[in-house]
$ cat protein.txt   # compact mmCIF, C-alpha atoms and all ligand atoms
# COMPACT_ATOMS: atom_id res chain seq x y z
CA MET A 66 -35.38 -108.73 16.65
CA PRO A 67 -39.00 -109.87 17.17
CA TYR A 68 -41.30 -110.04 14.14
CA GLU A 69 -44.90 -108.86 14.42
CA ILE A 70 -47.89 -110.88 13.21
CA LEU A 71 -49.94 -108.45 11.10
CA GLU A 72 -52.70 -110.84 9.98
CA LYS A 73 -53.91 -114.30 10.86
CA ILE A 74 -56.82 -116.14 9.26
CA GLU A 75 -58.08 -119.69 9.35
CA LEU A 76 -58.23 -121.34 5.92
CA GLY A 77 -61.05 -123.64 4.83
CA ASN A 78 -63.03 -125.29 7.61
CA SER A 79 -60.21 -127.50 8.84
CA ARG A 80 -59.53 -125.53 12.07
CA THR A 81 -55.92 -126.64 11.58
CA ILE A 82 -54.62 -124.52 8.68
CA PHE A 83 -53.81 -120.83 9.18
CA GLU A 84 -52.47 -118.04 7.00
CA MET A 85 -50.18 -115.56 8.76
CA VAL A 86 -48.66 -112.33 7.50
CA LEU A 87 -45.43 -111.29 9.26
CA LYS A 88 -43.58 -107.98 9.16
CA THR A 89 -40.11 -109.03 7.94
CA PRO A 90 -38.85 -106.27 5.56
CA LEU A 91 -35.37 -107.72 4.92
CA ILE A 92 -36.64 -111.26 4.28
CA ALA A 93 -39.46 -109.96 2.04
CA LYS A 94 -36.90 -108.04 -0.01
CA LYS A 95 -34.83 -111.17 -0.77
CA SER A 96 -37.47 -113.94 -1.00
CA TYR A 97 -38.22 -115.95 -4.14
CA ALA A 98 -40.12 -119.14 -4.99
CA GLY A 99 -38.40 -122.09 -3.33
CA ASN A 100 -37.26 -120.21 -0.21
CA PHE A 101 -38.26 -121.03 3.34
CA VAL A 102 -37.75 -119.49 6.78
CA LEU A 103 -36.88 -121.06 10.13
CA ILE A 104 -39.22 -119.89 12.86
CA ARG A 105 -38.73 -120.00 16.62
CA VAL A 106 -41.72 -118.58 18.47
CA ASN A 107 -40.05 -118.02 21.85
CA GLU A 108 -36.86 -118.74 23.77
CA THR A 109 -37.82 -122.30 24.69
CA GLY A 110 -39.29 -123.08 21.27
CA GLU A 111 -37.74 -125.31 18.59
CA ARG A 112 -36.96 -124.07 15.10
CA ILE A 113 -39.37 -125.17 12.37
CA PRO A 114 -39.08 -124.64 8.61
CA LEU A 115 -41.98 -122.99 6.76
CA THR A 116 -42.18 -122.03 3.09
CA VAL A 117 -42.39 -118.37 2.11
CA ALA A 118 -45.79 -118.81 0.43
CA ASP A 119 -45.99 -115.18 -0.66
CA TYR A 120 -44.02 -111.97 -0.24
CA ASP A 121 -44.80 -108.29 -0.54
CA ARG A 122 -41.58 -106.33 -1.03
CA GLU A 123 -43.34 -102.94 -0.85
CA ASN A 124 -45.02 -103.59 2.50
CA GLY A 125 -42.11 -105.64 3.83
CA THR A 126 -44.20 -108.72 4.64
CA ILE A 127 -44.12 -112.46 4.02
CA THR A 128 -47.08 -114.84 4.14
CA LEU A 129 -46.88 -118.27 5.73
CA VAL A 130 -49.50 -121.01 5.60
CA ILE A 131 -49.22 -123.35 8.55
CA GLN A 132 -50.88 -126.67 9.28
CA VAL A 133 -51.05 -127.62 12.95
CA VAL A 134 -49.50 -131.08 13.24
CA GLY A 135 -47.58 -130.97 16.53
CA LYS A 136 -46.35 -128.79 19.40
CA SER A 137 -44.44 -126.08 17.50
CA THR A 138 -47.02 -125.51 14.76
CA LYS A 139 -49.73 -125.36 17.48
CA LEU A 140 -47.70 -122.85 19.53
CA LEU A 141 -47.23 -120.68 16.42
CA CYS A 142 -50.91 -120.85 15.43
CA ASN A 143 -51.96 -120.00 19.01
CA GLN A 144 -50.28 -116.58 18.56
CA ARG A 145 -52.54 -113.63 17.81
CA VAL A 146 -52.40 -110.57 15.57
CA GLY A 147 -50.02 -108.09 17.24
CA ASP A 148 -47.98 -110.84 18.95
CA LYS A 149 -44.30 -111.04 18.11
CA ILE A 150 -42.27 -114.05 16.94
CA LEU A 151 -38.78 -114.21 18.45
CA ASP A 152 -36.81 -115.56 15.45
CA VAL A 153 -37.53 -115.61 11.73
CA VAL A 154 -34.40 -116.67 9.85
CA GLY A 155 -34.22 -116.57 6.09
CA PRO A 156 -34.75 -116.67 3.26
CA LEU A 157 -33.13 -120.14 3.23
CA GLY A 158 -33.00 -122.82 0.53
CA ASN A 159 -32.51 -122.37 -3.19
CA ARG A 160 -34.64 -120.26 -5.45
CA ILE A 161 -36.24 -122.46 -8.14
CA HIS A 162 -34.87 -122.26 -11.67
CA ILE A 163 -36.98 -119.94 -13.83
CA GLU A 164 -37.09 -120.09 -17.63
CA LYS A 165 -39.65 -120.08 -20.44
CA TYR A 166 -40.26 -123.73 -21.30
CA GLU A 167 -41.42 -124.99 -24.71
CA HIS A 168 -44.45 -126.89 -23.37
CA PRO A 169 -46.81 -126.33 -20.40
CA ILE A 170 -45.71 -126.92 -16.80
CA ALA A 171 -47.91 -129.08 -14.55
CA ILE A 172 -47.94 -127.92 -10.92
CA ILE A 173 -49.40 -130.34 -8.41
CA GLY A 174 -50.21 -129.30 -4.86
CA GLY A 175 -51.59 -131.40 -2.05
CA GLY A 176 -52.91 -130.26 1.34
CA VAL A 177 -50.92 -127.39 2.86
CA GLY A 178 -48.36 -127.88 0.04
CA ILE A 179 -50.79 -125.99 -2.22
CA ALA A 180 -49.68 -122.70 -0.65
CA ALA A 181 -46.02 -123.53 -1.32
CA CYS A 182 -46.91 -124.08 -5.01
CA TYR A 183 -48.23 -120.52 -5.32
CA PRO A 184 -44.93 -118.55 -5.59
CA GLN A 185 -43.56 -121.16 -8.01
CA ALA A 186 -46.64 -120.97 -10.27
CA LYS A 187 -46.58 -117.16 -10.06
CA GLU A 188 -42.90 -116.72 -11.00
CA LEU A 189 -43.06 -119.34 -13.78
CA LYS A 190 -46.25 -117.75 -15.17
CA GLU A 191 -44.58 -114.32 -15.10
CA ALA A 192 -41.76 -115.86 -17.20
CA GLY A 193 -44.33 -116.63 -19.91
CA ASN A 194 -45.09 -120.29 -19.14
CA LYS A 195 -48.45 -122.02 -19.53
CA ILE A 196 -49.39 -123.44 -16.13
CA ILE A 197 -51.68 -126.44 -15.64
CA THR A 198 -52.46 -126.77 -11.94
CA ILE A 199 -53.80 -129.85 -10.19
CA LEU A 200 -54.84 -129.39 -6.56
CA GLY A 201 -55.68 -132.26 -4.25
CA ALA A 202 -57.24 -132.42 -0.80
CA ARG A 203 -59.06 -135.00 1.29
CA SER A 204 -62.28 -132.97 1.02
CA LYS A 205 -63.58 -129.58 -0.12
CA GLY A 206 -63.15 -127.91 3.30
CA LEU A 207 -59.42 -128.67 3.26
CA LEU A 208 -58.84 -127.10 -0.15
CA ILE A 209 -56.81 -123.94 0.42
CA TRP A 210 -55.75 -121.00 -1.82
CA ARG A 211 -57.90 -122.19 -4.71
CA ASP A 212 -58.54 -118.63 -5.97
CA LYS A 213 -54.88 -117.61 -5.63
CA MET A 214 -53.78 -120.69 -7.60
CA ASP A 215 -56.49 -120.01 -10.19
CA SER A 216 -55.10 -116.48 -10.68
CA VAL A 217 -51.69 -117.86 -11.77
CA SER A 218 -52.93 -120.90 -13.76
CA ASP A 219 -54.10 -121.36 -17.35
CA GLU A 220 -56.00 -124.49 -16.35
CA LEU A 221 -57.08 -125.57 -12.86
CA ILE A 222 -58.09 -129.13 -11.97
CA ILE A 223 -59.35 -130.09 -8.52
CA THR A 224 -59.37 -133.57 -7.01
CA THR A 225 -60.78 -134.59 -3.63
CA ASN A 226 -60.59 -138.05 -2.08
CA ASP A 227 -64.28 -137.98 -1.12
CA GLY A 228 -65.52 -136.31 -4.34
CA SER A 229 -66.91 -133.26 -2.47
CA GLU A 230 -65.25 -131.00 -5.10
CA GLY A 231 -63.88 -131.68 -8.59
CA ILE A 232 -62.77 -135.15 -9.62
CA LYS A 233 -63.21 -137.89 -7.01
CA GLY A 234 -59.76 -139.42 -6.64
CA VAL A 235 -56.14 -138.40 -6.32
CA VAL A 236 -53.90 -135.92 -8.16
CA THR A 237 -52.16 -138.63 -10.19
CA ASP A 238 -55.47 -139.53 -11.95
CA PRO A 239 -55.67 -136.29 -14.04
CA LEU A 240 -51.86 -136.13 -14.26
CA LYS A 241 -51.77 -139.51 -16.06
CA GLU A 242 -54.36 -138.28 -18.60
CA ILE A 243 -52.49 -135.02 -19.19
CA ILE A 244 -49.05 -136.55 -19.82
CA LYS A 245 -50.66 -139.23 -22.03
CA LYS A 246 -52.36 -136.60 -24.23
CA LYS A 247 -49.89 -133.69 -24.42
CA LYS A 248 -46.25 -132.76 -24.08
CA ILE A 249 -45.36 -131.34 -20.66
CA SER A 250 -41.95 -129.75 -20.13
CA LEU A 251 -41.86 -129.96 -16.35
CA VAL A 252 -43.85 -131.28 -13.39
CA ILE A 253 -43.56 -129.61 -9.97
CA THR A 254 -45.16 -131.21 -6.95
CA ILE A 255 -45.41 -130.09 -3.32
CA GLY A 256 -47.38 -131.89 -0.63
CA PRO A 257 -47.23 -134.94 1.62
CA LEU A 258 -44.20 -137.20 0.95
CA ILE A 259 -46.46 -140.05 -0.06
CA MET A 260 -48.23 -137.90 -2.68
CA MET A 261 -44.91 -136.70 -4.14
CA LYS A 262 -43.67 -140.31 -4.26
CA TYR A 263 -46.68 -141.32 -6.39
CA VAL A 264 -46.36 -138.28 -8.66
CA VAL A 265 -42.72 -139.25 -9.26
CA LEU A 266 -43.74 -142.86 -9.99
CA THR A 267 -46.23 -141.49 -12.56
CA THR A 268 -43.61 -139.38 -14.35
CA ASN A 269 -40.56 -141.68 -14.21
CA GLY A 270 -41.20 -143.22 -17.62
CA SER A 271 -42.69 -146.49 -16.35
CA GLY A 272 -46.18 -147.93 -17.02
CA GLY A 273 -46.23 -146.86 -20.68
CA LEU A 274 -46.29 -143.15 -19.76
CA PRO A 275 -43.65 -140.68 -20.98
CA LYS A 276 -40.86 -139.60 -18.63
CA VAL A 277 -41.26 -135.97 -17.51
CA LYS A 278 -38.67 -134.03 -15.49
CA THR A 279 -40.20 -133.64 -12.01
CA PHE A 280 -39.25 -131.43 -9.07
CA VAL A 281 -40.39 -132.24 -5.53
CA SER A 282 -40.10 -130.03 -2.44
CA LEU A 283 -38.64 -132.09 0.41
CA ASN A 284 -40.28 -131.35 3.76
CA THR A 285 -37.71 -133.24 5.85
CA ILE A 286 -37.13 -132.56 9.53
CA MET A 287 -34.73 -129.59 9.75
CA ILE A 288 -32.78 -128.05 12.60
CA ASP A 289 -30.22 -125.46 11.46
CA GLY A 290 -31.28 -125.13 7.80
CA THR A 291 -27.71 -124.39 6.74
CA GLY A 292 -26.26 -127.83 5.92
CA MET A 293 -24.45 -128.43 9.22
CA CYS A 294 -26.61 -130.69 11.44
CA GLY A 295 -27.43 -133.41 8.89
CA SER A 296 -31.05 -133.78 10.06
CA CYS A 297 -32.53 -133.11 6.63
CA ARG A 298 -30.33 -135.56 4.73
CA PHE A 299 -31.93 -137.83 2.17
CA SER A 300 -30.62 -140.75 0.16
CA THR A 301 -30.55 -140.77 -3.59
CA LEU A 302 -31.34 -143.86 -5.65
CA ASP A 303 -27.70 -144.05 -6.84
CA GLY A 304 -26.48 -144.43 -3.23
CA GLY A 305 -25.59 -140.75 -2.67
CA VAL A 306 -26.62 -138.39 0.11
CA GLN A 307 -27.91 -134.82 -0.16
CA PHE A 308 -29.24 -132.21 2.26
CA ALA A 309 -32.70 -130.79 1.63
CA CYS A 310 -31.88 -127.42 3.24
CA VAL A 311 -28.92 -126.54 1.03
CA ASP A 312 -29.33 -128.83 -2.01
CA GLY A 313 -33.08 -128.10 -2.13
CA PRO A 314 -35.70 -128.00 -0.81
CA ASP A 315 -36.75 -128.42 -4.46
CA VAL A 316 -34.86 -131.32 -6.04
CA ASP A 317 -35.17 -133.72 -8.98
CA GLY A 318 -37.81 -136.20 -7.74
CA HIS A 319 -36.44 -139.03 -9.87
CA ILE A 320 -33.25 -139.25 -7.81
CA VAL A 321 -34.94 -139.36 -4.37
CA ASP A 322 -35.17 -142.60 -2.37
CA PHE A 323 -38.70 -141.95 -1.06
CA ASP A 324 -38.98 -145.20 0.92
CA ASN A 325 -35.91 -144.28 2.98
CA LEU A 326 -37.20 -140.71 3.41
CA LEU A 327 -40.61 -141.90 4.60
CA LYS A 328 -38.89 -144.04 7.27
CA ARG A 329 -36.68 -141.13 8.40
CA ALA A 330 -39.71 -138.80 8.68
CA ASN A 331 -41.11 -140.99 11.48
CA ARG A 332 -37.96 -141.23 13.58
CA PHE A 333 -39.10 -138.84 16.35
CA LEU A 334 -42.78 -139.89 16.57
CA GLU A 335 -42.58 -140.83 20.28
CA GLN A 336 -40.85 -137.54 21.28
CA GLU A 337 -43.25 -135.52 19.09
CA LYS A 338 -46.24 -137.15 20.82
CA HIS A 339 -44.85 -136.40 24.33
CA SER A 340 -44.01 -132.82 23.37
CA LEU A 341 -47.59 -132.17 22.15
CA GLU A 342 -49.12 -133.81 25.25
CA TRP A 343 -46.90 -131.66 27.51
CA TYR A 344 -47.86 -128.47 25.63
CA ASP A 345 -51.60 -129.29 25.73
CA GLU A 346 -51.34 -129.98 29.47
CA LYS A 347 -49.55 -126.63 29.99
CA CYS A 348 -52.27 -124.79 27.98
CA ARG A 349 -55.04 -126.44 30.05
CA ALA A 350 -53.30 -125.54 33.34
CA LEU A 351 -52.85 -121.92 32.18
CA GLU A 352 -56.52 -121.70 31.15
CA LYS A 353 -57.62 -123.05 34.55
CA TYR A 354 -55.34 -120.59 36.37
CA ASN A 355 -56.67 -117.63 34.33
CA LYS A 356 -60.28 -118.62 35.11
CA GLU A 357 -59.50 -118.86 38.83
CA VAL A 358 -57.76 -115.47 38.86
CA ASP A 359 -60.76 -113.89 37.02
C1 LIG B 1 -38.52 -126.69 3.59
C2 LIG B 1 -39.77 -126.98 4.38
C3 LIG B 1 -40.87 -126.18 4.20
C4 LIG B 1 -42.04 -126.43 4.93
N1 LIG B 1 -43.10 -125.61 4.74
C5 LIG B 1 -44.22 -125.79 5.46
C6 LIG B 1 -45.31 -124.89 5.30
O1 LIG B 1 -45.27 -123.93 4.52
N2 LIG B 1 -46.42 -125.10 6.06
C7 LIG B 1 -46.49 -126.13 6.97
O2 LIG B 1 -47.54 -126.26 7.64
N3 LIG B 1 -45.48 -127.00 7.13
C8 LIG B 1 -44.34 -126.84 6.40
N4 LIG B 1 -43.27 -127.70 6.60
C9 LIG B 1 -43.41 -128.76 7.61
C10 LIG B 1 -43.24 -128.17 9.02
O3 LIG B 1 -41.93 -127.69 9.18
C11 LIG B 1 -43.55 -129.26 10.08
O4 LIG B 1 -44.91 -129.60 10.01
C12 LIG B 1 -43.22 -128.76 11.48
O5 LIG B 1 -41.83 -128.68 11.65
C13 LIG B 1 -43.78 -129.73 12.51
O6 LIG B 1 -43.45 -129.26 13.81
P1 LIG B 1 -44.39 -129.61 15.06
O7 LIG B 1 -43.56 -129.44 16.29
O8 LIG B 1 -45.66 -128.88 15.01
O9 LIG B 1 -44.74 -131.13 14.85
P2 LIG B 1 -43.84 -132.35 15.28
O10 LIG B 1 -44.14 -132.66 16.70
O11 LIG B 1 -42.43 -132.13 14.89
O12 LIG B 1 -44.46 -133.47 14.34
C14 LIG B 1 -45.86 -133.84 14.42
C15 LIG B 1 -46.21 -134.69 13.24
O13 LIG B 1 -45.91 -134.01 12.01
C16 LIG B 1 -44.97 -134.76 11.23
N5 LIG B 1 -43.91 -133.88 10.74
C17 LIG B 1 -42.86 -133.39 11.44
N6 LIG B 1 -42.06 -132.67 10.67
C18 LIG B 1 -42.62 -132.70 9.44
C19 LIG B 1 -42.27 -132.18 8.19
N7 LIG B 1 -41.12 -131.50 8.01
N8 LIG B 1 -43.12 -132.37 7.16
C20 LIG B 1 -44.24 -133.07 7.31
N9 LIG B 1 -44.62 -133.63 8.47
C21 LIG B 1 -43.82 -133.45 9.50
C22 LIG B 1 -44.36 -135.75 12.19
O14 LIG B 1 -43.99 -136.94 11.52
C23 LIG B 1 -45.46 -136.00 13.18
O15 LIG B 1 -46.35 -136.98 12.71
C24 LIG B 1 -42.11 -127.51 5.86
C25 LIG B 1 -40.98 -128.32 6.03
C26 LIG B 1 -39.83 -128.07 5.30
C27 LIG B 1 -38.62 -128.92 5.50
S1 LIG B 2 -31.29 -128.86 8.46
FE1 LIG B 2 -29.33 -129.26 9.23
S2 LIG B 2 -28.26 -129.98 7.50
FE2 LIG B 2 -30.19 -129.43 6.71
$ encode --input "protein.txt" --output "structure tokens"
Amino acid sequence: MPYEILEKIELGNSRTIFEMVLKTPLIAKKSYAGNFVLIRVNETGERIPLTVADYDRENGTITLVIQVVGKSTKLLCNQRVGDKILDVVGPLGNRIHIEKYEHPIAIIGGGVGIAACYPQAKELKEAGNKIITILGARSKGLLIWRDKMDSVSDELIITTNDGSEGIKGVVTDPLKEIIKKKKISLVITIGPLIMMKYVVLTTNGSGGLPKVKTFVSLNTIMIDGTGMCGSCRFSTLDGGVQFACVDGPDVDGHIVDFDNLLKRANRFLEQEKHSLEWYDEKCRALEKYNKEVD
């Protein structure tokens, strides 16, 4: 059953991050913070996992925020309002645990991961928690969903690498100050693997800072999303193996072997490069053909 794109907007001035609203009544009905969907744009497309960044049960829609990084994200973001997506499978993955914690929760989002933080902040805030949000981006123009995150936060701190907005630096700078000064019940972080690795190193009880329970959302390469193909597996520091699609995607960051995960994330670089070059070539040929026909 194809799924219609109801809205599509570009976020920030990156030209690479888009927000899309899809008509998916059954998925919208069952989605919670932590869930993702597997999207296949057309019959020859590959399946890619994307977080359910928001859901509207009444209107039967889900919102995705997509960063163009390769062939499949480009193909998806080249679709227009009114176009239909062939497959949207979900909701997959585990819903995050919701409870009222004694102390504030620090939620740390980086890049496109900021959008994936939104449903988590929203549901934890609705459960009565105090939310301290730290958002990080390379520069102001890449900062997405700032107002939405503000609406579900008690405190909002911005960091940019170039200092164009908020504190000049990285998300771990304010995080260190916060956990030094006050008790934090839980840290949640979603963003690039390297950012989550450094957040976990900040909260693991080393360097004279207190240990704080930390959840990371693992954006591993996924194929089936149901625990069968093994593509999303990650090693744990005690020598175990888990699967991000069924054991996560949100897992205890202190058990994750990030160095191994970072290596595994690059295992298809050559194929990904060829696939994007082939798609760009096809788009150029199609554009040329359309001009000639006109
Ligand atoms: C549970 C989950 C939720 C996700 N949610 C979102 C989301 O809400 N929005 C979003 O934009 N992306 C999200 N991702 C990442 C997204 O699935 C990938 O960016 C996408 O599959 C890349 O496909 P591609 O063909 O465009 O790029 P590819 O050709 O596959 O890869 C191009 C480049 O992107 C890198 N890359 C590939 N896969 C990933 C990945 N999983 N994470 C990070 N970098 C990757 C590659 O190393 C390569 O450098 C999520 C991933 C997971 C596992
Ligand atoms: S994506 Fe196949 S096992 Fe997780």
$ residues_around --input "protein.txt" --residues "A:Ile196" --least-positions-apart "5" --cutoff "8 Å" --atoms "all atoms listed in the file" --output "list in words"
Pro169, Ile170, Ala171, Ile172, Ala186, Leu189, Lys190, Val217, Ser218, Asp219 and Glu220 of chain A
$ write_last_selection --input "protein.txt" --atoms "C-alpha atoms" --output "PDB file, keeping the file's coordinate frame"
ATOM      1  CA  PRO A 169     -46.810-126.330 -20.400  1.00  0.00           C
ATOM      2  CA  ILE A 170     -45.710-126.920 -16.800  1.00  0.00           C
ATOM      3  CA  ALA A 171     -47.910-129.080 -14.550  1.00  0.00           C
ATOM      4  CA  ILE A 172     -47.940-127.920 -10.920  1.00  0.00           C
ATOM      5  CA  ALA A 186     -46.640-120.970 -10.270  1.00  0.00           C
ATOM      6  CA  LEU A 189     -43.060-119.340 -13.780  1.00  0.00           C
ATOM      7  CA  LYS A 190     -46.250-117.750 -15.170  1.00  0.00           C
ATOM      8  CA  VAL A 217     -51.690-117.860 -11.770  1.00  0.00           C
ATOM      9  CA  SER A 218     -52.930-120.900 -13.760  1.00  0.00           C
ATOM     10  CA  ASP A 219     -54.100-121.360 -17.350  1.00  0.00           C
ATOM     11  CA  GLU A 220     -56.000-124.490 -16.350  1.00  0.00           C
TER      12      GLU A 220
END
$ residues_around --input "protein.txt" --residues "A:Leu302" --least-positions-apart "4" --cutoff "8 Å" --atoms "all atoms listed in the file" --output "list in words"
Ile320, Val321 and Asp322 of chain A
$ residues_near_ligand --input "protein.txt" --ligand "ligand LIG 1 (chain B)" --cutoff "7 Å" --atoms "all atoms listed in the file" --output "count of residues only"
37
$ residues_near_point --input "protein.txt" --point "(-45.2, -142.9, -7.6)" --cutoff "12 Å" --atoms "only C-alpha atoms" --output "compact mmCIF listing (two decimals) with C-alpha atoms, in the frame of the given file"
# COMPACT_ATOMS: atom_id res chain seq x y z
CA VAL A 235 -56.14 -138.40 -6.32
CA VAL A 236 -53.90 -135.92 -8.16
CA THR A 237 -52.16 -138.63 -10.19
CA ASP A 238 -55.47 -139.53 -11.95
CA LEU A 240 -51.86 -136.13 -14.26
CA LYS A 241 -51.77 -139.51 -16.06
CA THR A 254 -45.16 -131.21 -6.95
CA LEU A 258 -44.20 -137.20 0.95
CA ILE A 259 -46.46 -140.05 -0.06
CA MET A 260 -48.23 -137.90 -2.68
CA MET A 261 -44.91 -136.70 -4.14
CA LYS A 262 -43.67 -140.31 -4.26
CA TYR A 263 -46.68 -141.32 -6.39
CA VAL A 264 -46.36 -138.28 -8.66
CA VAL A 265 -42.72 -139.25 -9.26
CA LEU A 266 -43.74 -142.86 -9.99
CA THR A 267 -46.23 -141.49 -12.56
CA THR A 268 -43.61 -139.38 -14.35
CA ASN A 269 -40.56 -141.68 -14.21
CA GLY A 270 -41.20 -143.22 -17.62
CA SER A 271 -42.69 -146.49 -16.35
CA GLY A 272 -46.18 -147.93 -17.02
CA THR A 279 -40.20 -133.64 -12.01
CA VAL A 281 -40.39 -132.24 -5.53
CA GLY A 318 -37.81 -136.20 -7.74
CA HIS A 319 -36.44 -139.03 -9.87
CA VAL A 321 -34.94 -139.36 -4.37
CA ASP A 322 -35.17 -142.60 -2.37
CA PHE A 323 -38.70 -141.95 -1.06
CA ASP A 324 -38.98 -145.20 0.92
$ residues_near_ligand --input "protein.txt" --ligand "ligand LIG 2 (chain B)" --cutoff "10 Å" --atoms "only C-alpha atoms and all ligand atoms" --output "PyMOL selection string"
chain A and resi 103+112-114+158+285-299+307-314
